[in-house]
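One file, structure.tsv, is given below (TSV, C-alpha atoms).
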chain	number	residue	atom	x	y	z
A	815	MET	CA	-32.92	-67.97	10.33
A	816	LYS	CA	-36.26	-69.62	9.85
A	817	ILE	CA	-37.85	-71.81	12.52
A	818	THR	CA	-41.16	-72.96	13.99
A	819	ILE	CA	-41.66	-73.18	17.76
A	820	LEU	CA	-44.58	-73.55	20.14
A	821	LYS	CA	-45.65	-70.26	21.74
A	822	GLU	CA	-45.50	-71.67	25.30
A	823	LYS	CA	-41.92	-72.87	24.77
A	824	LEU	CA	-40.77	-69.53	23.39
A	825	LYS	CA	-42.44	-67.74	26.31
A	826	GLU	CA	-40.68	-70.08	28.73
A	827	GLY	CA	-37.33	-69.18	27.20
A	828	ILE	CA	-37.95	-65.43	27.25
A	829	ASN	CA	-39.10	-65.67	30.87
A	830	ALA	CA	-35.81	-67.36	31.76
A	831	VAL	CA	-33.49	-64.87	30.07
A	832	GLU	CA	-35.35	-61.61	30.73
A	833	LYS	CA	-34.71	-61.94	34.47
A	834	ILE	CA	-31.20	-60.53	34.03
A	835	SER	CA	-31.77	-58.23	31.06
A	836	GLN	CA	-30.54	-54.79	32.08
A	837	LYS	CA	-32.08	-51.44	31.24
A	838	THR	CA	-29.12	-49.20	30.52
A	839	LEU	CA	-28.56	-46.26	28.22
A	840	ALA	CA	-24.78	-46.64	28.43
A	841	LEU	CA	-24.88	-50.01	26.64
A	842	PRO	CA	-28.28	-50.47	24.93
A	843	ILE	CA	-27.38	-53.95	23.59
A	844	LEU	CA	-27.84	-55.27	27.15
A	845	GLN	CA	-31.56	-54.60	26.80
A	846	ASN	CA	-31.65	-57.27	24.07
A	847	THR	CA	-31.78	-61.04	23.84
A	848	LEU	CA	-29.58	-62.86	21.37
A	849	PHE	CA	-31.56	-65.36	19.26
A	850	GLU	CA	-29.36	-68.05	17.67
A	851	VAL	CA	-30.36	-71.12	15.68
A	852	GLU	CA	-27.83	-73.92	15.34
A	853	LYS	CA	-28.59	-77.46	14.19
A	854	ASN	CA	-31.94	-78.36	15.82
A	855	PHE	CA	-31.85	-75.83	18.64
A	856	LEU	CA	-32.99	-72.29	19.31
A	857	LYS	CA	-30.67	-70.63	21.83
A	858	LEU	CA	-31.64	-67.47	23.72
A	859	SER	CA	-28.96	-65.50	25.61
A	860	SER	CA	-29.04	-62.49	27.91
A	861	THR	CA	-26.37	-60.79	30.03
A	862	ASN	CA	-25.77	-57.77	32.27
A	863	LEU	CA	-21.97	-58.24	32.04
A	864	GLU	CA	-21.79	-59.54	35.63
A	865	SER	CA	-23.97	-62.58	34.97
A	866	GLY	CA	-25.41	-64.31	31.92
A	867	VAL	CA	-27.97	-66.95	31.00
A	868	ASN	CA	-28.41	-69.25	28.02
A	869	TRP	CA	-31.61	-71.19	27.25
A	870	TRP	CA	-32.05	-73.88	24.57
A	871	ASN	CA	-35.01	-75.67	23.05
A	872	LEU	CA	-35.50	-78.14	20.21
A	873	VAL	CA	-37.29	-76.49	17.25
A	874	LYS	CA	-38.17	-77.18	13.65
A	875	VAL	CA	-35.33	-75.54	11.70
A	876	GLU	CA	-35.44	-74.54	8.06
A	877	ARG	CA	-32.51	-72.13	8.14
A	878	GLU	CA	-29.89	-71.16	10.73
A	879	GLY	CA	-29.08	-67.57	11.75
A	880	LYS	CA	-29.02	-65.08	14.63
A	881	ILE	CA	-30.33	-61.66	15.63
A	882	CYS	CA	-30.69	-59.46	18.73
A	883	LEU	CA	-34.21	-58.40	19.75
A	884	PRO	CA	-35.44	-56.08	22.53
A	885	THR	CA	-36.20	-58.39	25.45
A	886	ARG	CA	-39.05	-56.66	27.27
A	887	PHE	CA	-40.83	-55.67	24.05
A	888	PHE	CA	-40.66	-59.23	22.69
A	889	SER	CA	-41.86	-60.65	26.02
A	890	ASN	CA	-44.86	-58.30	26.05
A	891	LEU	CA	-45.70	-59.20	22.45
A	892	LEU	CA	-45.73	-62.93	23.22
A	893	THR	CA	-48.22	-62.37	26.02
A	894	PHE	CA	-50.91	-61.34	23.51
A	895	LEU	CA	-50.33	-64.12	20.97
A	896	PRO	CA	-52.54	-67.26	20.89
A	897	GLN	CA	-51.29	-70.63	22.13
A	898	LYS	CA	-50.31	-71.72	18.62
A	899	PRO	CA	-47.06	-72.54	16.78
A	900	ILE	CA	-44.99	-69.46	15.93
A	901	SER	CA	-42.93	-68.99	12.80
A	902	LEU	CA	-39.80	-66.80	13.09
A	903	GLU	CA	-37.78	-65.67	10.08
A	904	ILE	CA	-34.88	-63.21	9.81
A	905	LYS	CA	-34.55	-60.95	6.78
A	906	ASP	CA	-31.68	-58.47	6.98
A	907	LEU	CA	-31.89	-57.15	10.59
A	908	SER	CA	-35.62	-57.67	11.02
A	909	LEU	CA	-37.57	-60.57	12.46
A	910	PHE	CA	-40.83	-61.57	10.79
A	911	LEU	CA	-43.18	-63.36	13.19
A	912	GLU	CA	-46.34	-65.22	12.21
A	913	CYS	CA	-48.80	-66.89	14.60
A	914	GLU	CA	-52.25	-67.91	13.35
A	915	ASN	CA	-53.87	-64.56	12.34
A	916	TYR	CA	-50.97	-62.39	13.57
A	917	LYS	CA	-48.11	-61.06	11.46
A	918	THR	CA	-45.44	-58.70	12.80
A	919	LYS	CA	-42.12	-57.24	11.74
A	920	ILE	CA	-39.68	-56.44	14.55
A	921	LYS	CA	-36.54	-54.39	14.00
A	922	GLY	CA	-33.50	-56.13	15.41
A	923	PHE	CA	-29.86	-55.34	16.14
A	924	ASN	CA	-26.53	-56.67	14.96
A	925	PRO	CA	-25.81	-59.92	16.85
A	926	GLU	CA	-22.06	-59.30	16.57
A	927	GLU	CA	-22.45	-56.44	19.09
A	928	PHE	CA	-23.79	-58.79	21.77
A	929	PRO	CA	-21.28	-59.42	24.61
A	930	ILE	CA	-19.69	-62.86	24.91
A	931	ILE	CA	-21.02	-64.93	27.81
A	932	PRO	CA	-18.16	-66.98	29.34
A	933	SER	CA	-18.27	-70.67	28.46
A	934	ILE	CA	-17.76	-73.36	31.08
A	935	LYS	CA	-14.20	-73.77	32.38
A	936	GLU	CA	-14.43	-76.66	34.77
A	937	GLU	CA	-12.11	-76.90	37.76
A	938	ALA	CA	-14.61	-78.83	39.86
A	939	SER	CA	-18.22	-79.90	39.37
A	940	PHE	CA	-20.98	-81.63	41.31
A	941	PHE	CA	-24.77	-82.10	41.34
A	942	ILE	CA	-27.25	-80.58	43.77
A	943	ASP	CA	-31.04	-80.54	44.04
A	944	SER	CA	-32.36	-77.34	42.44
A	945	LEU	CA	-35.21	-76.68	44.87
A	946	SER	CA	-33.01	-77.33	47.93
A	947	LEU	CA	-30.38	-74.86	46.75
A	948	CYS	CA	-32.93	-72.15	46.00
A	949	ARG	CA	-34.69	-72.64	49.35
A	950	ALA	CA	-31.33	-72.37	51.13
A	951	LEU	CA	-30.44	-69.15	49.29
A	952	ASN	CA	-33.87	-67.73	50.15
A	953	GLN	CA	-33.20	-68.22	53.85
A	954	ILE	CA	-30.20	-65.87	53.85
A	955	LEU	CA	-30.69	-63.78	50.71
A	956	ASN	CA	-31.68	-60.50	52.38
A	957	ILE	CA	-28.94	-60.41	55.00
A	958	PRO	CA	-25.92	-58.98	53.11
A	959	SER	CA	-25.69	-55.21	52.71
A	960	SER	CA	-23.67	-53.26	50.13
A	961	SER	CA	-20.26	-52.22	51.43
A	962	LEU	CA	-17.64	-50.44	49.34
A	963	ALA	CA	-15.15	-50.74	52.18
A	964	ARG	CA	-15.76	-54.50	52.62
A	965	PRO	CA	-17.17	-55.84	49.32
A	966	GLU	CA	-16.71	-59.44	50.44
A	967	ILE	CA	-19.57	-59.18	52.99
A	968	SER	CA	-21.92	-57.77	50.36
A	969	GLY	CA	-22.05	-61.25	48.83
A	970	ILE	CA	-22.99	-64.77	49.92
A	971	TYR	CA	-20.20	-67.09	51.00
A	972	PHE	CA	-20.11	-70.73	49.90
A	973	SER	CA	-17.83	-73.23	51.63
A	974	PHE	CA	-17.78	-76.52	49.70
A	975	GLN	CA	-16.76	-79.37	52.00
A	976	PRO	CA	-16.59	-83.12	51.32
A	977	GLU	CA	-20.08	-83.91	52.65
A	978	MET	CA	-21.85	-80.54	52.66
A	979	ILE	CA	-22.07	-76.95	51.49
A	980	LYS	CA	-22.17	-74.15	54.04
A	981	ILE	CA	-23.91	-71.01	52.75
A	982	VAL	CA	-23.27	-67.90	54.85
A	983	ALA	CA	-24.31	-64.24	54.84
A	984	THR	CA	-23.67	-61.33	57.20
A	985	ASP	CA	-24.08	-57.57	57.47
A	986	SER	CA	-21.88	-57.26	60.61
A	987	PHE	CA	-24.96	-57.02	62.88
A	988	ARG	CA	-26.23	-60.55	62.20
A	989	LEU	CA	-25.11	-63.70	60.44
A	990	ALA	CA	-26.87	-66.76	59.05
A	991	GLU	CA	-25.44	-70.13	58.09
A	992	LYS	CA	-27.34	-72.78	56.13
A	993	LYS	CA	-25.99	-76.30	55.58
A	994	LEU	CA	-26.84	-78.40	52.52
A	995	PHE	CA	-25.80	-82.05	52.70
A	996	LEU	CA	-24.53	-83.66	49.49
A	997	LYS	CA	-25.44	-87.10	48.14
A	998	THR	CA	-21.89	-87.68	46.88
A	999	ASN	CA	-18.73	-86.42	48.53
A	1000	LEU	CA	-16.55	-83.74	46.96
A	1001	SER	CA	-12.91	-84.70	46.43
A	1002	LYS	CA	-11.61	-81.24	47.33
A	1003	GLU	CA	-12.66	-78.24	49.41
A	1004	TYR	CA	-13.51	-74.95	47.70
A	1005	SER	CA	-14.89	-71.57	48.72
A	1006	LEU	CA	-16.32	-68.59	46.83
A	1007	ILE	CA	-18.31	-65.38	47.33
A	1008	LEU	CA	-21.40	-65.06	45.11
A	1009	PRO	CA	-22.85	-61.58	44.47
A	1010	GLN	CA	-26.22	-61.06	46.13
A	1011	THR	CA	-27.80	-60.06	42.80
A	1012	ALA	CA	-26.62	-63.33	41.25
A	1013	ALA	CA	-28.22	-65.28	44.10
A	1014	ARG	CA	-31.53	-63.50	43.38
A	1015	GLU	CA	-31.20	-64.40	39.69
A	1016	ILE	CA	-30.52	-68.07	40.53
A	1017	ILE	CA	-33.69	-68.22	42.65
A	1018	SER	CA	-35.68	-66.46	39.93
A	1019	ILE	CA	-34.46	-68.79	37.16
A	1020	PHE	CA	-34.27	-72.15	38.97
A	1021	GLY	CA	-36.57	-71.63	41.98
A	1022	GLU	CA	-39.45	-73.67	40.54
A	1023	LYS	CA	-37.42	-76.23	38.58
A	1024	GLU	CA	-37.38	-79.73	40.00
A	1025	GLY	CA	-34.43	-82.03	39.47
A	1026	GLU	CA	-30.69	-81.62	39.74
A	1027	LEU	CA	-28.42	-78.74	38.84
A	1028	LYS	CA	-24.83	-79.30	37.84
A	1029	ILE	CA	-22.52	-76.68	39.32
A	1030	TYR	CA	-19.14	-75.89	37.76
A	1031	LEU	CA	-16.50	-73.94	39.68
A	1032	SER	CA	-13.50	-71.91	38.57
A	1033	PRO	CA	-11.42	-69.30	40.46
A	1034	ASN	CA	-13.48	-66.28	39.33
A	1035	GLN	CA	-16.68	-67.70	37.81
A	1036	ILE	CA	-19.52	-70.10	38.64
A	1037	TRP	CA	-21.92	-71.91	36.30
A	1038	LEU	CA	-25.22	-73.67	37.06
A	1039	GLU	CA	-26.72	-75.98	34.47
A	1040	SER	CA	-30.03	-77.81	34.17
A	1041	MET	CA	-30.58	-80.43	31.48
A	1042	MET	CA	-33.42	-81.12	29.06
A	1043	SER	CA	-35.65	-84.06	29.91
A	1044	GLU	CA	-35.85	-85.34	26.33
A	1045	THR	CA	-32.14	-85.21	25.45
A	1046	SER	CA	-28.72	-84.91	27.10
A	1047	HIS	CA	-28.40	-81.24	26.18
A	1048	PRO	CA	-28.46	-78.26	28.57
A	1049	GLN	CA	-31.81	-76.49	28.99
A	1050	ILE	CA	-30.49	-73.52	30.98
A	1051	GLN	CA	-26.96	-72.37	31.81
A	1052	PHE	CA	-26.45	-69.51	34.26
A	1053	THR	CA	-23.08	-67.98	34.99
A	1054	SER	CA	-21.86	-65.21	37.28
A	1055	ARG	CA	-18.64	-63.51	38.19
A	1056	LEU	CA	-17.50	-63.98	41.77
A	1057	ILE	CA	-16.52	-61.37	44.33
A	1058	GLU	CA	-12.80	-61.25	44.92
A	1059	GLY	CA	-11.48	-61.15	48.46
A	1060	GLU	CA	-11.32	-63.25	51.59
A	1061	TYR	CA	-14.48	-63.81	53.59
A	1062	PRO	CA	-14.19	-63.16	57.35
A	1063	ASN	CA	-13.50	-66.19	59.54
A	1064	TYR	CA	-17.10	-66.22	60.73
A	1065	GLN	CA	-16.63	-69.45	62.72
A	1066	GLU	CA	-14.78	-67.42	65.34
A	1067	ILE	CA	-17.90	-65.41	66.21
A	1068	ILE	CA	-20.24	-68.39	66.62
A	1069	PRO	CA	-20.71	-68.66	70.40
A	1070	LYS	CA	-19.82	-71.96	72.07
A	1071	LYS	CA	-21.10	-71.26	75.62
A	1072	PHE	CA	-24.44	-69.80	76.72
A	1073	GLU	CA	-25.86	-68.48	79.99
A	1074	THR	CA	-29.55	-68.87	79.08
A	1075	HIS	CA	-31.52	-71.14	76.74
A	1076	PHE	CA	-35.07	-70.42	75.51
A	1077	THR	CA	-37.21	-73.04	73.74
A	1078	LEU	CA	-40.31	-71.23	72.46
A	1079	PRO	CA	-43.29	-71.93	70.17
A	1080	LYS	CA	-42.30	-70.32	66.89
A	1081	GLU	CA	-45.62	-68.91	65.66
A	1082	GLU	CA	-46.62	-67.39	68.99
A	1083	PHE	CA	-43.16	-65.87	69.49
A	1084	LEU	CA	-43.28	-64.47	65.96
A	1085	SER	CA	-46.73	-62.97	66.55
A	1086	GLN	CA	-45.74	-61.32	69.83
A	1087	ILE	CA	-42.57	-59.80	68.36
A	1088	LYS	CA	-44.59	-58.42	65.44
A	1089	THR	CA	-47.06	-56.86	67.87
A	1090	ALA	CA	-44.27	-55.41	70.01
A	1091	SER	CA	-42.67	-53.92	66.91
A	1092	LEU	CA	-45.64	-51.55	66.57
A	1093	PHE	CA	-44.47	-49.77	69.74
A	1094	SER	CA	-40.72	-50.12	69.19
A	1095	GLY	CA	-39.82	-46.51	68.37
A	1096	LYS	CA	-37.17	-45.19	66.02
A	1097	ILE	CA	-34.42	-47.69	66.87
A	1098	ASN	CA	-36.70	-50.75	66.38
A	1099	GLU	CA	-36.02	-51.92	69.95
A	1100	VAL	CA	-37.86	-54.86	71.50
A	1101	LYS	CA	-36.86	-56.13	74.96
A	1102	LEU	CA	-36.83	-59.76	76.13
A	1103	LYS	CA	-36.68	-60.60	79.83
A	1104	ALA	CA	-36.26	-64.24	80.86
A	1105	ASP	CA	-37.64	-65.70	84.09
A	1106	PRO	CA	-36.20	-69.26	84.28
A	1107	LYS	CA	-37.92	-70.00	87.61
A	1108	ASN	CA	-41.42	-69.54	86.14
A	1109	GLU	CA	-40.33	-70.42	82.58
A	1110	ILE	CA	-41.72	-67.17	81.17
A	1111	VAL	CA	-40.32	-64.66	78.68
A	1112	GLU	CA	-41.60	-61.10	78.98
A	1113	ILE	CA	-41.67	-59.19	75.68
A	1114	SER	CA	-41.93	-55.41	75.86
A	1115	SER	CA	-41.46	-52.23	73.85
A	1116	GLN	CA	-42.28	-48.57	74.23
A	1117	SER	CA	-42.59	-45.43	72.17
A	1118	PRO	CA	-42.86	-41.86	73.53
A	1119	ASP	CA	-45.41	-41.16	70.80
A	1120	LEU	CA	-47.51	-44.35	70.88
A	1121	GLY	CA	-47.29	-45.91	74.34
A	1122	GLU	CA	-46.11	-49.21	75.81
A	1123	TYR	CA	-46.50	-52.92	75.06
A	1124	ASN	CA	-46.07	-55.99	77.31
A	1125	SER	CA	-46.78	-59.65	76.73
A	1126	PHE	CA	-45.71	-62.99	78.23
A	1127	LEU	CA	-44.79	-66.24	76.54
A	1128	LYS	CA	-44.49	-69.63	78.22
A	1129	GLY	CA	-41.59	-71.81	77.17
A	1130	LYS	CA	-38.70	-73.90	78.43
A	1131	ILE	CA	-36.24	-71.45	80.00
A	1132	LYS	CA	-32.96	-72.74	81.42
A	1133	GLY	CA	-30.03	-70.85	82.92
A	1134	LYS	CA	-29.70	-67.35	84.34
A	1135	GLU	CA	-32.18	-64.50	84.41
A	1136	VAL	CA	-31.40	-62.17	81.53
A	1137	SER	CA	-32.77	-58.95	80.06
A	1138	LEU	CA	-31.67	-57.70	76.64
A	1139	SER	CA	-32.95	-55.81	73.60
A	1140	PHE	CA	-32.93	-56.64	69.88
A	1141	ASN	CA	-33.71	-54.86	66.65
A	1142	HIS	CA	-37.16	-56.34	65.95
A	1143	ARG	CA	-36.56	-56.43	62.18
A	1144	PHE	CA	-33.43	-58.54	62.57
A	1145	LEU	CA	-35.14	-60.78	65.12
A	1146	LEU	CA	-38.18	-61.33	62.88
A	1147	ASP	CA	-35.97	-62.17	59.89
A	1148	GLY	CA	-34.29	-64.94	61.87
A	1149	ILE	CA	-37.47	-66.40	63.39
A	1150	SER	CA	-39.28	-66.42	60.03
A	1151	GLU	CA	-36.67	-68.61	58.35
A	1152	ILE	CA	-36.84	-71.38	60.95
A	1153	LYS	CA	-39.17	-74.18	59.84
A	1154	THR	CA	-39.69	-76.17	63.07
A	1155	LYS	CA	-42.67	-75.62	65.39
A	1156	GLU	CA	-40.34	-74.62	68.22
A	1157	ILE	CA	-37.23	-72.49	68.09
A	1158	LEU	CA	-34.16	-72.36	70.29
A	1159	LEU	CA	-32.79	-68.95	71.35
A	1160	GLU	CA	-29.44	-69.16	73.12
A	1161	ILE	CA	-28.05	-66.14	74.99
A	1162	THR	CA	-24.35	-65.69	75.78
A	1163	ASN	CA	-24.88	-62.60	77.96
A	1164	GLU	CA	-26.67	-59.25	77.76
A	1165	GLU	CA	-24.08	-57.76	75.38
A	1166	GLY	CA	-22.79	-60.76	73.43
A	1167	PRO	CA	-24.15	-62.49	70.34
A	1168	SER	CA	-27.24	-64.68	70.60
A	1169	VAL	CA	-28.11	-67.66	68.42
A	1170	LEU	CA	-31.48	-68.60	66.92
A	1171	LYS	CA	-31.85	-72.09	65.45
A	1172	PRO	CA	-34.39	-74.87	64.98
A	1173	SER	CA	-35.28	-76.87	68.08
A	1174	GLU	CA	-34.33	-79.98	66.10
A	1175	GLY	CA	-31.61	-80.42	63.49
A	1176	GLU	CA	-28.43	-78.49	62.85
A	1177	ASP	CA	-28.91	-77.26	59.28
A	1178	TYR	CA	-29.55	-73.55	60.06
A	1179	LEU	CA	-28.37	-71.00	62.58
A	1180	TYR	CA	-28.86	-67.26	62.88
A	1181	ILE	CA	-26.61	-65.04	65.01
A	1182	ILE	CA	-27.89	-61.67	66.15
A	1183	MET	CA	-26.26	-58.95	68.22
A	1184	PRO	CA	-28.33	-57.27	70.96
A	1185	ILE	CA	-28.86	-53.51	71.08
A	1186	LYS	CA	-26.62	-51.90	73.67
A	1187	THR	CA	-28.88	-49.77	75.87
A	1188	THR	CA	-26.14	-47.90	77.77
Kindly return the structure encoded in the file as structure tokens.
Amino acid sequence: MKITILKEKLKEGINAVEKISQKTLALPILQNTLFEVEKNFLKLSSTNLESGVNWWNLVKVEREGKICLPTRFFSNLLTFLPQKPISLEIKDLSLFLECENYKTKIKGFNPEEFPIIPSIKEEASFFIDSLSLCRALNQILNIPSSSLARPEISGIYFSFQPEMIKIVATDSFRLAEKKLFLKTNLSKEYSLILPQTAAREIISIFGEKEGELKIYLSPNQIWLESMMSETSHPQIQFTSRLIEGEYPNYQEIIPKKFETHFTLPKEEFLSQIKTASLFSGKINEVKLKADPKNEIVEISSQSPDLGEYNSFLKGKIKGKEVSLSFNHRFLLDGISEIKTKEILLEITNEEGPSVLKPSEGEDYLYIIMPIKTT
């Protein structure tokens, strides 16, 4: 292999693939990136066996070839090189790098030992806006919790419907659903469970990339692909295994009837809950008491060690008087992800699930269970 590439382009590629490079003593090859040169392209690949990423870029090629190089070391080296063209040449299992006044020799590894990253097997495919998908994943990313007994709820559920995608996450104490509306209808309905770590990797790789992603689905694998601007060739392909199992029928737990409705200014509500959390004690309890007659919500908390907190918030309160407690961390997570100036909090009763959602629009909802105080 012998090529010339701009330093900023090579750094861009390493940044993309190093996000899933895994530090493991059991299989050291996973700490490496596979460099391959074919035709006019440099291809970088990295995998942790559960997910994998490929990145391509057009380069000046004198000779094809491939080698594995330590990912983090190579990334650190690039940081110190000038913004100049870089020459890369393989001799035996070493890479010789030249950049202006810099010359280095890096010991590599046998590329034949690098694991195979699954290639696309298309059962269904569609396009979606990259930034919209990553923003949606961000809104529910931190909700799932690891569960050996119920691995399906440790992932993020996708329900692909003709006009939209529903993205859902739960940890049994709370649940969030985000809807993404599609520009073109899907011909068939699909569902899958994406590992939480893969969702983080998708955000890390595509979170700042504008334009469309093409998503390919198969029974046990998903692929996301962004294209180069200058040619009809992929720029980045990301793939991940899926979690096997059946996701709970979460629609059954979404309340349909409510006793009390709060419409509250988001930022002020958020600020008061944060303040109350300072006095919330070991179980993170914050109490809400609704007064529909005066349209006031009382927010309170207490700690035997620190004291008591009380504040009042004006809003639109309809329905019955109600008093209930929430885990402030769960409540703050839900409020923070709502983007409208006002939020709607709907209460079924003092022991049933409550729903947080934007005051306008139906693209996001957050279900939270109250703390039982008796």
Against segment 970-982 of chain A, which residues of segment 1064-1182 of chain A fall within 10 Å? For each one I want the closest pair of atoms and the distance in Å (one decimal), counting only C-alpha atoms, rows by chain and increasing residue number, as JSON lines.
{"residue": "A:Tyr1064", "atom": "CA", "partner": "A:Val982", "partner_atom": "CA", "distance": 8.7}
{"residue": "A:Asp1177", "atom": "CA", "partner": "A:Lys980", "partner_atom": "CA", "distance": 9.1}
{"residue": "A:Tyr1178", "atom": "CA", "partner": "A:Lys980", "partner_atom": "CA", "distance": 9.5}
{"residue": "A:Leu1179", "atom": "CA", "partner": "A:Val982", "partner_atom": "CA", "distance": 9.8}
{"residue": "A:Tyr1180", "atom": "CA", "partner": "A:Val982", "partner_atom": "CA", "distance": 9.8}
Closest-contact table, segment 1036-1120 of chain A side, partner segment 922-937 of chain A, 10 Å, counting only C-alpha atoms, as CSV:
residue,atom,partner,partner_atom,distance
A:Ile1036,CA,A:Ile934,CA,8.4
A:Trp1037,CA,A:Ile934,CA,6.8
A:Leu1038,CA,A:Ile934,CA,9.6
A:Glu1039,CA,A:Ile934,CA,9.9
A:Gln1051,CA,A:Ile934,CA,9.3
A:Phe1052,CA,A:Ile931,CA,9.6
A:Thr1053,CA,A:Pro932,CA,7.6
A:Ser1054,CA,A:Pro932,CA,8.9
A:Arg1055,CA,A:Pro932,CA,9.5
Surrounding residues of segment 1157-1167 of chain A excluding itself and chain neighbours under 2 positions, 6 Å, all atoms listed in the file, as number ranges by chain:
A: 1072-1078, 1080, 1138, 1169-1173, 1182-1183
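Distance annotation: of A:Asn1098, A:Gln836, A:Ser961, A:Gln1035, the residue with the minimal separation from Asn862 of chain A is A:Gln836; atom set is all atoms listed in the file.
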Please check which residues have atoms at most 9 Å from (-29.9, -70.4, 23.8) in the file's coordinates, counting all atoms listed in the file, and write them as an mmCIF file with C-alpha atoms, keeping the file's coordinate frame.
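Resulting contents of part10.cif:
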data_model
loop_
_atom_site.group_PDB
_atom_site.id
_atom_site.type_symbol
_atom_site.label_atom_id
_atom_site.label_comp_id
_atom_site.auth_asym_id
_atom_site.auth_seq_id
_atom_site.Cartn_x
_atom_site.Cartn_y
_atom_site.Cartn_z
ATOM 1 C CA GLY A 827 -37.330 -69.180 27.200
ATOM 2 C CA LEU A 848 -29.580 -62.860 21.370
ATOM 3 C CA PHE A 849 -31.560 -65.360 19.260
ATOM 4 C CA GLU A 850 -29.360 -68.050 17.670
ATOM 5 C CA VAL A 851 -30.360 -71.120 15.680
ATOM 6 C CA PHE A 855 -31.850 -75.830 18.640
ATOM 7 C CA LEU A 856 -32.990 -72.290 19.310
ATOM 8 C CA LYS A 857 -30.670 -70.630 21.830
ATOM 9 C CA LEU A 858 -31.640 -67.470 23.720
ATOM 10 C CA SER A 859 -28.960 -65.500 25.610
ATOM 11 C CA SER A 860 -29.040 -62.490 27.910
ATOM 12 C CA VAL A 867 -27.970 -66.950 31.000
ATOM 13 C CA ASN A 868 -28.410 -69.250 28.020
ATOM 14 C CA TRP A 869 -31.610 -71.190 27.250
ATOM 15 C CA TRP A 870 -32.050 -73.880 24.570
ATOM 16 C CA ASN A 871 -35.010 -75.670 23.050
ATOM 17 C CA GLN A 1049 -31.810 -76.490 28.990
ATOM 18 C CA ILE A 1050 -30.490 -73.520 30.980
ATOM 19 C CA GLN A 1051 -26.960 -72.370 31.810
#
Atom pair atom CA of Ile957 of chain A + atom CA of Leu1145 of chain A, distance 11.9 Å
Within 12 Å of Ser1091 of chain A, counting all atoms listed in the file, which residues qualify if same-chain residues fewer than 2 places away don't, as a PyMOL selection string? chain A and resi 1084-1089+1093-1101+1113-1117+1120-1124+1139-1146
Prev. selection, C-alpha atoms, output as a PDB file, in the coordinates of the input:
ATOM      1  CA  LEU A1084     -43.280 -64.470  65.960  1.00  0.00           C
ATOM      2  CA  SER A1085     -46.730 -62.970  66.550  1.00  0.00           C
ATOM      3  CA  GLN A1086     -45.740 -61.320  69.830  1.00  0.00           C
ATOM      4  CA  ILE A1087     -42.570 -59.800  68.360  1.00  0.00           C
ATOM      5  CA  LYS A1088     -44.590 -58.420  65.440  1.00  0.00           C
ATOM      6  CA  THR A1089     -47.060 -56.860  67.870  1.00  0.00           C
ATOM      7  CA  PHE A1093     -44.470 -49.770  69.740  1.00  0.00           C
ATOM      8  CA  SER A1094     -40.720 -50.120  69.190  1.00  0.00           C
ATOM      9  CA  GLY A1095     -39.820 -46.510  68.370  1.00  0.00           C
ATOM     10  CA  LYS A1096     -37.170 -45.190  66.020  1.00  0.00           C
ATOM     11  CA  ILE A1097     -34.420 -47.690  66.870  1.00  0.00           C
ATOM     12  CA  ASN A1098     -36.700 -50.750  66.380  1.00  0.00           C
ATOM     13  CA  GLU A1099     -36.020 -51.920  69.950  1.00  0.00           C
ATOM     14  CA  VAL A1100     -37.860 -54.860  71.500  1.00  0.00           C
ATOM     15  CA  LYS A1101     -36.860 -56.130  74.960  1.00  0.00           C
ATOM     16  CA  ILE A1113     -41.670 -59.190  75.680  1.00  0.00           C
ATOM     17  CA  SER A1114     -41.930 -55.410  75.860  1.00  0.00           C
ATOM     18  CA  SER A1115     -41.460 -52.230  73.850  1.00  0.00           C
ATOM     19  CA  GLN A1116     -42.280 -48.570  74.230  1.00  0.00           C
ATOM     20  CA  SER A1117     -42.590 -45.430  72.170  1.00  0.00           C
ATOM     21  CA  LEU A1120     -47.510 -44.350  70.880  1.00  0.00           C
ATOM     22  CA  GLY A1121     -47.290 -45.910  74.340  1.00  0.00           C
ATOM     23  CA  GLU A1122     -46.110 -49.210  75.810  1.00  0.00           C
ATOM     24  CA  TYR A1123     -46.500 -52.920  75.060  1.00  0.00           C
ATOM     25  CA  ASN A1124     -46.070 -55.990  77.310  1.00  0.00           C
ATOM     26  CA  SER A1139     -32.950 -55.810  73.600  1.00  0.00           C
ATOM     27  CA  PHE A1140     -32.930 -56.640  69.880  1.00  0.00           C
ATOM     28  CA  ASN A1141     -33.710 -54.860  66.650  1.00  0.00           C
ATOM     29  CA  HIS A1142     -37.160 -56.340  65.950  1.00  0.00           C
ATOM     30  CA  ARG A1143     -36.560 -56.430  62.180  1.00  0.00           C
ATOM     31  CA  PHE A1144     -33.430 -58.540  62.570  1.00  0.00           C
ATOM     32  CA  LEU A1145     -35.140 -60.780  65.120  1.00  0.00           C
ATOM     33  CA  LEU A1146     -38.180 -61.330  62.880  1.00  0.00           C
TER      34      LEU A1146
END
